[in-house]
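Right, one structure below, let's go through it.
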Amino acid sequence: MKNSCASSTAFCASARPPGAPFTFGSSNNQAKLSEACVEAWARILHAAPGSRLAIKNKALSETEARASLQARFAARGIGPERLWMSGAIDSFQGHLAAYGFVDLALDTFPYNGTTTTCESLWMGVPVLTWAGRAHVERFGASVLAAAGLGEEFVAASVDDYVRRAAGWTTPAGLERLAALRPALLERLSGSALTNERVFTAALEQSYRNLWRRWCAAKVSSQV
């Protein structure tokens, strides 16, 4: 992420207007919307009555793609009135500004988002993910942990992911989001995620620790 974003487009995510429906969102590639992911999102919408889901990606510029995704949700009891779909937005500023309509971004799985997760955080919108076992299932957890948001926004299972998502729509969840969002950009800017020197030093230390552990194990095996 370039810091030039900060002066022009960063943090357009404003407070929710009174009475507006809670909006979950995703700008991830359509190919990442697995059946398990759509199933979890449908469960979230059922668990949070009155909420809606905004999905924006290039594929949804096509009528067939929108109809197909709508049908996948309909098969799980979610009507079109709960969904807002959009194709890609040509302007980069317009793309970032779309985060202003989202209260909480939902990460995809098993293949997590990376760029979209960083963009969302940069625009003041927290992202909820869950940490799987494979490398591609842990991108979101790595980014959120580096941003200091792991405790609240990294779920331990799909059930926990659904529970946490619904929890953010409660009065207590809304109050916490309202307090977090204005400070998110500053928090992100001061974290290891955007401080390459701190991140690199920590990575180098991890390499040293792994090497020392391997050396110790090698010596122990020869005794």
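Please note that chains go A, B, ... in the order of the structure tokens, that every chain numbers its residues from 1, and that ligands are numbered from 1 in the order shown.
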Could you go through region 21-207 of chain A and tell me which residues DSSP, when run on the backbone, assigns to alpha helix (DSSP H), listing them as an NGL selection string?
:A and (35-47 or 63-74 or 92-97 or 115-122 or 139-146 or 150-153 or 158-167 or 171-189 or 196-207)
Surrounding residues of Phe153 (chain A) excluding itself and chain neighbours under 6 positions, 9 Å, only C-alpha atoms, as an MDAnalysis selection string:
chainID A and resid 126:130 141 144:145 161 164:165
Please produce a file of the residues just selected, as an mmCIF file, in the first residue's frame, where the atoms kept are N, CA and C atoms.
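New file again.cif:
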data_model
loop_
_atom_site.group_PDB
_atom_site.id
_atom_site.type_symbol
_atom_site.label_atom_id
_atom_site.label_comp_id
_atom_site.auth_asym_id
_atom_site.auth_seq_id
_atom_site.Cartn_x
_atom_site.Cartn_y
_atom_site.Cartn_z
ATOM 1 N N PRO A 126 -13.014 -3.114 9.222
ATOM 2 C CA PRO A 126 -12.416 -4.352 9.733
ATOM 3 C C PRO A 126 -12.781 -5.548 8.856
ATOM 4 N N VAL A 127 -11.960 -6.580 8.901
ATOM 5 C CA VAL A 127 -12.177 -7.796 8.114
ATOM 6 C C VAL A 127 -12.222 -8.989 9.062
ATOM 7 N N LEU A 128 -13.230 -9.830 8.868
ATOM 8 C CA LEU A 128 -13.340 -11.050 9.664
ATOM 9 C C LEU A 128 -12.862 -12.231 8.840
ATOM 10 N N THR A 129 -11.978 -13.027 9.403
ATOM 11 C CA THR A 129 -11.465 -14.213 8.716
ATOM 12 C C THR A 129 -11.470 -15.386 9.675
ATOM 13 N N TRP A 130 -11.119 -16.561 9.179
ATOM 14 C CA TRP A 130 -10.853 -17.676 10.087
ATOM 15 C C TRP A 130 -9.619 -18.402 9.600
ATOM 16 N N ALA A 141 -5.454 -14.259 8.523
ATOM 17 C CA ALA A 141 -5.005 -14.260 9.917
ATOM 18 C C ALA A 141 -3.655 -13.571 10.057
ATOM 19 N N LEU A 144 -4.190 -9.704 9.682
ATOM 20 C CA LEU A 144 -4.890 -9.144 10.837
ATOM 21 C C LEU A 144 -4.035 -9.187 12.097
ATOM 22 N N ALA A 145 -3.258 -10.253 12.265
ATOM 23 C CA ALA A 145 -2.364 -10.328 13.417
ATOM 24 C C ALA A 145 -1.307 -9.234 13.346
ATOM 25 N N TYR A 161 -16.626 -18.284 13.058
ATOM 26 C CA TYR A 161 -16.699 -17.228 12.036
ATOM 27 C C TYR A 161 -18.124 -16.702 11.933
ATOM 28 N N ARG A 164 -19.111 -14.912 15.294
ATOM 29 C CA ARG A 164 -18.489 -13.596 15.440
ATOM 30 C C ARG A 164 -19.118 -12.579 14.496
ATOM 31 N N ALA A 165 -19.377 -12.995 13.263
ATOM 32 C CA ALA A 165 -19.979 -12.073 12.289
ATOM 33 C C ALA A 165 -21.321 -11.557 12.796
#
Report as a Markdown table the residues of region 105-191 of chain A within 10 Å of region 50-55 of chain A, each with its shortest atom pair and distance in Å (one decimal), using only C-alpha atoms, ordered by chain and increasing residue number.
| residue | atom | partner | partner_atom | distance |
| --- | --- | --- | --- | --- |
| A:Ala105 | CA | A:Ala54 | CA | 9.1 |
| A:Leu106 | CA | A:Leu53 | CA | 9.3 |
| A:Ala166 | CA | A:Ser51 | CA | 9.3 |
| A:Thr169 | CA | A:Ser51 | CA | 8.0 |
Using N, CA and C atoms, can you export the residues from the last selection as a CSV table (one decimal), in the first residue's frame?
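Resulting contents of part.csv:
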chain,number,residue,atom,x,y,z
A,105,ALA,N,-16.1,-6.4,6.6
A,105,ALA,CA,-15.8,-7.2,5.4
A,105,ALA,C,-15.6,-8.7,5.8
A,106,LEU,N,-16.1,-9.6,5.0
A,106,LEU,CA,-16.0,-11.0,5.2
A,106,LEU,C,-14.9,-11.6,4.3
A,166,ALA,N,-22.2,-12.5,13.2
A,166,ALA,CA,-23.5,-12.1,13.8
A,166,ALA,C,-23.3,-11.2,15.0
A,169,THR,N,-23.2,-7.4,14.7
A,169,THR,CA,-24.5,-6.6,14.3
A,169,THR,C,-25.3,-6.3,15.6
Which residues, written as a PyMOL selection string, have at least one atom at most 12 Å from Tyr111 (chain A), with only C-alpha atoms counted and residues fewer than 5 positions away on the same chain left out?
chain A and resi 28-37+129-141
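By only C-alpha atoms, and with residues fewer than 2 positions from region 186-199 of chain A along its chain excluded, the set lying at most 6 Å from it is Ala146, Ala147, Ala183, Leu184, Ala201 and Ala202 of chain A.
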So what do you get for CA of Pro110 (chain A) versus CA of Asn209 (chain A), distance-wise?
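Computed distance, CA of Pro110 (chain A) to CA of Asn209 (chain A), equals 29.2 Å.
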